[in-house]
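Peer 1: My file is entry_17.cif. It has mmCIF, C-alpha atoms and all ligand atoms:
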```cif
data_run
loop_
_atom_site.label_atom_id
_atom_site.label_comp_id
_atom_site.auth_asym_id
_atom_site.auth_seq_id
_atom_site.Cartn_x
_atom_site.Cartn_y
_atom_site.Cartn_z
CA MET M 7 55.93 45.75 61.54
CA GLY M 8 57.94 42.98 59.90
CA LEU M 9 55.08 41.57 57.92
CA SER M 10 55.70 41.24 54.21
CA LEU M 11 52.61 40.68 52.12
CA GLU M 12 52.87 39.25 48.66
CA TYR M 13 50.06 39.48 46.21
CA ILE M 14 49.42 37.52 43.05
CA ASN M 15 47.75 38.99 39.99
CA SER M 16 44.38 40.70 40.23
CA THR M 17 44.40 41.23 43.92
CA THR M 18 44.62 44.60 45.57
CA LEU M 19 47.18 45.96 48.00
CA LEU M 20 46.46 47.10 51.52
CA ASN M 21 47.86 50.48 52.43
CA PRO M 22 49.96 50.83 55.65
CA GLU M 23 46.99 52.01 57.68
CA GLU M 24 44.93 49.01 56.54
CA ILE M 25 47.79 46.64 57.36
CA ASN M 26 47.90 48.20 60.80
CA GLY M 27 44.29 47.11 61.17
CA LEU M 28 45.49 43.54 61.64
CA LYS M 29 44.09 42.43 64.99
CA ILE M 30 46.17 39.29 65.55
CA THR M 31 49.69 40.34 66.46
CA SER M 32 51.14 36.84 66.26
CA ILE M 33 50.58 36.60 62.50
CA SER M 34 53.73 36.88 60.39
CA THR M 35 52.92 35.47 56.95
CA GLN M 36 50.26 35.86 54.26
CA GLY M 37 49.55 32.13 54.63
CA GLU M 38 48.65 32.63 58.30
CA ILE M 39 46.39 35.55 57.43
CA ASP M 40 44.65 33.37 54.82
CA GLU M 41 44.05 30.67 57.43
CA PHE M 42 42.68 33.02 60.08
CA GLU M 43 40.45 34.67 57.49
CA GLN M 44 39.17 31.28 56.33
CA GLN M 45 38.24 30.32 59.91
CA ASN M 46 36.52 33.66 60.37
CA ILE M 47 34.56 33.16 57.11
CA GLU M 48 33.43 29.72 58.25
CA LYS M 49 32.10 31.29 61.46
CA ALA M 50 30.24 33.87 59.35
CA ILE M 51 28.64 31.11 57.28
CA GLN M 52 27.55 29.39 60.51
CA TRP M 53 26.02 32.71 61.62
CA THR M 54 23.83 32.78 58.49
CA PHE M 55 22.38 29.32 59.20
CA GLY M 56 18.95 29.49 60.78
CA LYS M 57 18.53 33.15 59.87
CA LYS M 58 15.45 34.08 57.91
CA LEU M 59 17.04 35.88 54.97
CA THR M 60 14.45 37.54 52.76
CA ALA M 61 15.36 39.56 49.67
CA GLU M 62 14.77 42.80 51.60
CA THR M 63 17.08 41.65 54.41
CA LEU M 64 19.87 40.31 52.20
CA ILE M 65 19.87 42.91 49.44
CA SER M 66 20.53 45.84 51.76
CA GLU M 67 23.47 48.01 52.75
CA LYS M 68 23.01 46.91 56.35
CA PHE M 69 23.44 43.23 55.47
CA ILE M 70 26.29 43.84 53.00
CA LEU M 71 28.26 45.53 55.79
CA ALA M 72 27.17 43.07 58.48
CA ILE M 73 28.25 39.98 56.58
CA HIS M 74 31.65 41.48 55.70
CA ARG M 75 32.11 42.32 59.39
CA LYS M 76 31.15 38.75 60.36
CA MET M 77 33.58 37.34 57.76
CA PHE M 78 36.65 39.40 58.71
CA SER M 79 36.27 41.07 62.12
CA ASP M 80 38.40 38.50 63.98
CA VAL M 81 41.31 39.50 61.74
CA TRP M 82 40.84 43.11 60.59
CA LYS M 83 39.70 46.29 62.35
CA TRP M 84 38.23 47.66 59.10
CA ALA M 85 35.92 44.67 58.59
CA GLY M 86 32.43 45.82 57.69
CA GLU M 87 33.57 49.37 56.91
CA PHE M 88 33.42 50.89 53.45
CA ARG M 89 36.81 51.35 51.75
CA LYS M 90 38.34 54.79 52.22
CA SER M 91 41.41 54.24 50.01
CA GLU M 92 41.77 54.00 46.24
CA LYS M 93 42.66 50.60 44.69
CA ASN M 94 43.71 49.36 41.29
CA LEU M 95 40.27 47.70 41.14
CA GLY M 96 36.91 49.25 41.81
CA ILE M 97 35.33 52.68 41.59
CA PRO M 98 36.51 55.84 43.40
CA SER M 99 35.84 55.33 47.10
CA TYR M 100 33.53 58.35 47.46
CA LYS M 101 31.09 56.76 44.98
CA ILE M 102 30.79 53.40 46.78
CA GLN M 103 27.64 54.07 48.80
CA SER M 104 25.62 55.54 45.93
CA GLU M 105 26.72 52.87 43.41
CA LEU M 106 25.86 50.17 45.92
CA LYS M 107 22.41 51.71 46.45
CA MET M 108 21.78 51.55 42.68
CA LEU M 109 22.95 47.93 42.56
CA LEU M 110 20.68 46.97 45.47
CA ASP M 111 17.67 48.69 43.86
CA ASP M 112 18.37 47.04 40.48
CA THR M 113 18.78 43.62 42.06
CA LEU M 114 15.52 43.84 44.02
CA TYR M 115 13.82 44.84 40.77
CA TRP M 116 15.34 41.86 38.89
CA ILE M 117 14.18 39.49 41.65
CA GLN M 118 10.65 40.88 41.74
CA ASN M 119 10.30 40.91 37.96
CA GLY M 120 12.31 37.82 36.98
CA THR M 121 14.34 39.98 34.59
CA TYR M 122 17.04 37.31 34.23
CA THR M 123 17.35 33.65 35.21
CA LYS M 124 17.98 33.00 38.91
CA ASP M 125 21.63 32.12 38.26
CA GLU M 126 22.15 35.21 36.14
CA ILE M 127 20.67 37.47 38.83
CA CYS M 128 23.10 36.02 41.40
CA ILE M 129 26.08 36.39 39.08
CA ARG M 130 25.20 39.87 37.82
CA PHE M 131 24.86 40.97 41.44
CA LYS M 132 28.15 39.32 42.41
CA HIS M 133 30.01 40.87 39.52
CA ARG M 134 28.76 44.41 40.04
CA LEU M 135 29.41 44.11 43.78
CA VAL M 136 33.05 43.06 43.33
CA SER M 137 33.46 45.75 40.65
CA ILE M 138 32.36 48.42 43.13
CA HIS M 139 34.90 46.95 45.59
CA CYS M 140 33.22 48.14 48.80
CA PHE M 141 36.01 47.07 51.16
CA ALA M 142 39.77 47.31 51.59
CA ASN M 143 40.01 43.55 51.03
CA GLY M 144 37.89 40.42 50.93
CA ASN M 145 35.65 41.71 48.15
CA GLY M 146 35.94 38.56 46.02
CA ARG M 147 35.08 36.20 48.88
CA HIS M 148 32.33 38.53 50.13
CA SER M 149 30.75 38.74 46.67
CA ARG M 150 30.83 34.95 46.23
CA LEU M 151 29.21 34.38 49.63
CA MET M 152 26.53 36.97 48.82
CA ALA M 153 25.77 35.16 45.53
CA ASP M 154 25.53 31.87 47.46
CA LEU M 155 23.16 33.39 50.02
CA ILE M 156 20.91 34.88 47.34
CA SER M 157 20.82 31.56 45.48
CA GLU M 158 20.02 29.57 48.60
CA SER M 159 17.81 31.85 50.66
CA ILE M 160 15.89 33.70 47.98
CA PHE M 161 15.79 31.24 45.08
CA ARG M 162 15.94 27.96 47.07
CA ASN M 163 18.70 26.79 44.73
CA PRO M 164 22.01 25.18 45.74
CA VAL M 165 25.01 27.35 46.54
CA PHE M 166 27.57 27.74 43.74
CA SER M 167 30.67 25.53 43.54
CA TRP M 168 32.99 28.22 42.08
CA GLY M 169 35.13 25.89 39.99
CA THR M 170 35.87 23.41 42.75
CA ARG M 171 34.16 20.45 41.11
CA THR M 172 35.70 20.40 37.65
CA LEU M 173 38.86 22.48 37.79
CA THR M 174 41.54 20.39 39.40
CA SER M 175 44.20 22.89 40.36
CA SER M 176 43.63 26.19 42.11
CA ILE M 177 45.84 27.89 39.51
CA GLN M 178 43.64 26.58 36.70
CA ALA M 179 40.52 27.66 38.59
CA ARG M 180 41.98 31.11 39.22
CA GLU M 181 42.81 31.59 35.54
CA TYR M 182 39.36 30.55 34.45
CA TYR M 183 37.76 32.75 37.14
CA LEU M 184 39.70 35.84 36.06
CA SER M 185 38.96 35.30 32.37
CA ALA M 186 35.27 34.84 33.23
CA ILE M 187 35.41 38.13 35.16
CA ASN M 188 36.88 39.78 32.07
CA SER M 189 33.97 38.49 29.99
CA ALA M 190 31.53 39.80 32.60
CA ASP M 191 33.27 43.19 32.40
CA GLN M 192 32.26 43.05 28.68
CA LEU M 193 28.68 42.20 29.80
CA ASP M 194 28.94 38.52 28.80
CA TYR M 195 27.93 36.73 32.02
CA GLU M 196 27.79 33.17 30.64
CA PRO M 197 31.42 32.20 31.40
CA LEU M 198 31.09 33.40 35.01
CA ILE M 199 27.78 31.55 35.45
CA LYS M 200 29.39 28.42 33.99
CA PHE M 201 32.41 28.78 36.28
CA ALA M 202 30.22 29.38 39.36
CA LYS M 203 28.34 26.14 38.69
CA SER M 204 31.39 24.04 37.76
N1 LIG E 301 38.58 43.23 36.30
C1 LIG E 301 37.89 42.92 37.40
N2 LIG E 301 36.62 43.36 37.53
C2 LIG E 301 35.90 43.05 38.61
N3 LIG E 301 36.35 42.30 39.63
C3 LIG E 301 37.60 41.84 39.57
C4 LIG E 301 38.43 42.11 38.46
N4 LIG E 301 39.62 41.51 38.67
C5 LIG E 301 39.51 40.88 39.87
N5 LIG E 301 38.30 41.06 40.42
C6 LIG E 301 37.77 40.52 41.67
O1 LIG E 301 38.37 41.16 42.76
C7 LIG E 301 38.89 40.17 43.63
C8 LIG E 301 40.06 40.72 44.41
O2 LIG E 301 39.56 41.61 45.41
P1 LIG E 301 39.87 41.39 46.95
O3 LIG E 301 41.34 41.13 47.10
O4 LIG E 301 39.24 42.48 47.71
O5 LIG E 301 39.07 40.04 47.23
P2 LIG E 301 39.52 38.76 48.01
O6 LIG E 301 38.31 38.12 48.61
O7 LIG E 301 40.63 39.11 48.94
O8 LIG E 301 40.10 37.90 46.83
P3 LIG E 301 39.66 36.51 46.17
O9 LIG E 301 38.46 36.78 45.32
O10 LIG E 301 40.84 36.14 45.34
O11 LIG E 301 39.40 35.53 47.27
C9 LIG E 301 39.25 39.04 42.69
O12 LIG E 301 39.39 37.81 43.27
C10 LIG E 301 38.04 39.04 41.82
O13 LIG E 301 36.94 38.43 42.47
MG MG E 302 42.40 40.04 48.50
#
```
Go ahead and render the structure in this file as structure tokens.

Peer 2:
Amino acid sequence: MGLSLEYINSTTLLNPEEINGLKITSISTQGEIDEFEQQNIEKAIQWTFGKKLTAETLISEKFILAIHRKMFSDVWKWAGEFRKSEKNLGIPSYKIQSELKMLLDDTLYWIQNGTYTKDEICIRFKHRLVSIHCFANGNGRHSRLMADLISESIFRNPVFSWGTRTLTSSIQAREYYLSAINSADQLDYEPLIKFAKS
């Protein structure tokens, strides 16, 4: 296929098989993919409205897969399927399911016991989820939506703004986001919490 995909820093590459999973044959640029994905994600958000999302429903492998499928299945065949390839980010693919299980168990425990503030629980969950990197692509957007859903449905707090209110350019927001992720990698979650609420 004649599709050339360009990636900026800190994103992952799709392998040829994953690129072949593109469902819309008329797409020819990364910009068009971004647009179709964005429309698909908006449909997924609509799908969550009016659903009764308890902690047990949301913090489960079933929901993690279902929401990724809802977000990306108009565009990609591998939507809602665990990653089978190795990426420059994330853990080895064979460990995904067991690491995710540990994250889900930990998160349910934090919620039940109030181990951290509500914001910190959302952000710790988001960061460990994107670090596992469950899917071939869309992990960042999936992890941010999951954090929003936990905040809204479980904690009755607003969704996060992810830098859209204070950071004027998307480049500036991206830089801040990636440096906050680096801090979270060093177990300092404050910058990522601050970014998520800015
Ligand atoms: N060092 C890191 N540790 C953990 N997560 C990271 C790291 N660097 C980047 N990430 C996350 O991984 C995302 C890229 O993964 P992927 O391409 O699957 O997600 P995406 O939804 O397509 O991207 P985006 O988050 O830019 O919308 C980054 O956006 C960021 O959220
Ligand atoms: Mg990506």

Peer 1: Give the residues close to ligand LIG 301 (chain E), within 7 Å, counting only C-alpha atoms and all ligand atoms; write them as a PyMOL selection string.

Peer 2: chain M and resi 16-18+95+133+136-137+139+141-148+184+187-188+191

Peer 1: Using only C-alpha atoms and all ligand atoms, find the one residue out of M:Arg130, M:Lys29, M:Ile51, M:Asn94 that sits nearest to ligand MG 302 (chain E).

Peer 2: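 Counting only C-alpha atoms and all ligand atoms, the residue closest to ligand MG 302 (chain E) is M:Asn94.
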
Peer 1: Under the rule that all atoms listed in the file are counted, which of M:Thr113, M:Gln178, M:Thr123, M:Ser91 is the nearest residue to Glu24 of chain M?

Peer 2: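 The answer is M:Ser91, which sits nearest to Glu24 of chain M.
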
Peer 1: Which neighbours of Ile47 of chain M fall inside 12 Å, counting all atoms listed in the file, when residues of the same chain fewer than 3 positions from it are skipped, and could you give them as JSON, numbers by chain?

Peer 2: {"M": [40, 41, 42, 43, 44, 50, 51, 52, 53, 54, 73, 74, 75, 76, 77, 78, 79, 80, 81, 85, 144, 147, 148, 150, 151]}

Peer 1: To one decimal place in Å, what is the distance between atom CA of Gly120 of chain M and atom CA of Glu196 of chain M?

Peer 2: 17.4 Å

Peer 1: Which value, in Å to one decimal, gives the distance between atom CA of Ser149 of chain M and atom CA of Lys132 of chain M?

Peer 2: 5.0 Å

Peer 1: How many Å lie between atom CA of Phe201 of chain M and atom CA of Leu20 of chain M, rounded to one decimal?

Peer 2: 27.7 Å

Peer 1: Would you kindly return, as a PDB file with C-alpha atoms, in the frame of the given file, each protein, DNA or RNA residue with an atom no farther than 12 Å from any atom of segment 156-167 of chain M, considering only C-alpha atoms and excluding same-chain residues fewer than 3 positions away?

Peer 2:
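Saved the output as result.pdb:
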```pdb
ATOM      1  CA  ILE M  51      28.640  31.110  57.280  1.00  0.00           C
ATOM      2  CA  THR M  54      23.830  32.780  58.490  1.00  0.00           C
ATOM      3  CA  PHE M  55      22.380  29.320  59.200  1.00  0.00           C
ATOM      4  CA  GLY M  56      18.950  29.490  60.780  1.00  0.00           C
ATOM      5  CA  LYS M  57      18.530  33.150  59.870  1.00  0.00           C
ATOM      6  CA  LYS M  58      15.450  34.080  57.910  1.00  0.00           C
ATOM      7  CA  LEU M  59      17.040  35.880  54.970  1.00  0.00           C
ATOM      8  CA  THR M  60      14.450  37.540  52.760  1.00  0.00           C
ATOM      9  CA  ALA M  61      15.360  39.560  49.670  1.00  0.00           C
ATOM     10  CA  GLU M  62      14.770  42.800  51.600  1.00  0.00           C
ATOM     11  CA  THR M  63      17.080  41.650  54.410  1.00  0.00           C
ATOM     12  CA  LEU M  64      19.870  40.310  52.200  1.00  0.00           C
ATOM     13  CA  ILE M  65      19.870  42.910  49.440  1.00  0.00           C
ATOM     14  CA  SER M  66      20.530  45.840  51.760  1.00  0.00           C
ATOM     15  CA  PHE M  69      23.440  43.230  55.470  1.00  0.00           C
ATOM     16  CA  ILE M  70      26.290  43.840  53.000  1.00  0.00           C
ATOM     17  CA  THR M 113      18.780  43.620  42.060  1.00  0.00           C
ATOM     18  CA  LEU M 114      15.520  43.840  44.020  1.00  0.00           C
ATOM     19  CA  ILE M 117      14.180  39.490  41.650  1.00  0.00           C
ATOM     20  CA  GLN M 118      10.650  40.880  41.740  1.00  0.00           C
ATOM     21  CA  GLY M 120      12.310  37.820  36.980  1.00  0.00           C
ATOM     22  CA  THR M 123      17.350  33.650  35.210  1.00  0.00           C
ATOM     23  CA  LYS M 124      17.980  33.000  38.910  1.00  0.00           C
ATOM     24  CA  ASP M 125      21.630  32.120  38.260  1.00  0.00           C
ATOM     25  CA  GLU M 126      22.150  35.210  36.140  1.00  0.00           C
ATOM     26  CA  ILE M 127      20.670  37.470  38.830  1.00  0.00           C
ATOM     27  CA  CYS M 128      23.100  36.020  41.400  1.00  0.00           C
ATOM     28  CA  ILE M 129      26.080  36.390  39.080  1.00  0.00           C
ATOM     29  CA  ARG M 130      25.200  39.870  37.820  1.00  0.00           C
ATOM     30  CA  PHE M 131      24.860  40.970  41.440  1.00  0.00           C
ATOM     31  CA  LYS M 132      28.150  39.320  42.410  1.00  0.00           C
ATOM     32  CA  SER M 149      30.750  38.740  46.670  1.00  0.00           C
ATOM     33  CA  ARG M 150      30.830  34.950  46.230  1.00  0.00           C
ATOM     34  CA  LEU M 151      29.210  34.380  49.630  1.00  0.00           C
ATOM     35  CA  MET M 152      26.530  36.970  48.820  1.00  0.00           C
ATOM     36  CA  ALA M 153      25.770  35.160  45.530  1.00  0.00           C
ATOM     37  CA  THR M 170      35.870  23.410  42.750  1.00  0.00           C
ATOM     38  CA  ARG M 171      34.160  20.450  41.110  1.00  0.00           C
ATOM     39  CA  THR M 172      35.700  20.400  37.650  1.00  0.00           C
ATOM     40  CA  LEU M 173      38.860  22.480  37.790  1.00  0.00           C
ATOM     41  CA  ALA M 179      40.520  27.660  38.590  1.00  0.00           C
ATOM     42  CA  TYR M 183      37.760  32.750  37.140  1.00  0.00           C
ATOM     43  CA  LEU M 198      31.090  33.400  35.010  1.00  0.00           C
ATOM     44  CA  ILE M 199      27.780  31.550  35.450  1.00  0.00           C
ATOM     45  CA  LYS M 200      29.390  28.420  33.990  1.00  0.00           C
ATOM     46  CA  PHE M 201      32.410  28.780  36.280  1.00  0.00           C
ATOM     47  CA  ALA M 202      30.220  29.380  39.360  1.00  0.00           C
ATOM     48  CA  LYS M 203      28.340  26.140  38.690  1.00  0.00           C
ATOM     49  CA  SER M 204      31.390  24.040  37.760  1.00  0.00           C
TER      50      SER M 204
END
```

Peer 1: Smallest atom-to-atom distance to ligand MG 302 (chain E): which of M:Lys93, M:Ser99, M:Ser185, M:Ile33, using only C-alpha atoms and all ligand atoms?

Peer 2: M:Lys93

Peer 1: Which residues are near Lys101 of chain M? Cut-off 12 Å, all atoms listed in the file, ignore same chain within fewer than 3 positions. Put them as a PyMOL selection string.

Peer 2: chain M and resi 88-92+96-98+104-108+138-140

Peer 1: Between M:Trp116, M:Asp154, M:Ile39, M:Ser34, which has the minimum distance to ligand MG 302 (chain E) (counting all atoms listed in the file)?

Peer 2: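 Of the candidates, the smallest distance to ligand MG 302 (chain E) is held by M:Ile39.
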
Peer 1: Enclose segment 138-148 of chain M, meaning all of its atoms listed in the file, in a box aligned along x, y and z, pad it by 3 Å on each side, and list the centre and edge lengths in Å to one decimal, as AutoDock Vina command-line options.

Peer 2:
```
--center_x 36.2 --center_y 42.3 --center_z 47.4 --size_x 13.7 --size_y 18.2 --size_z 14.5
```

Peer 1: My list of candidates is M:Ala190, M:Ile25, M:Leu135, M:Ile177. Which is closest to Gln103 of chain M when distances are computed with all atoms listed in the file?

Peer 2: M:Leu135

Peer 1: M:Ser32, M:Glu87, M:Leu193, M:Asn26: which is nearest Lys68 of chain M, counting only C-alpha atoms?

Peer 2: M:Glu87
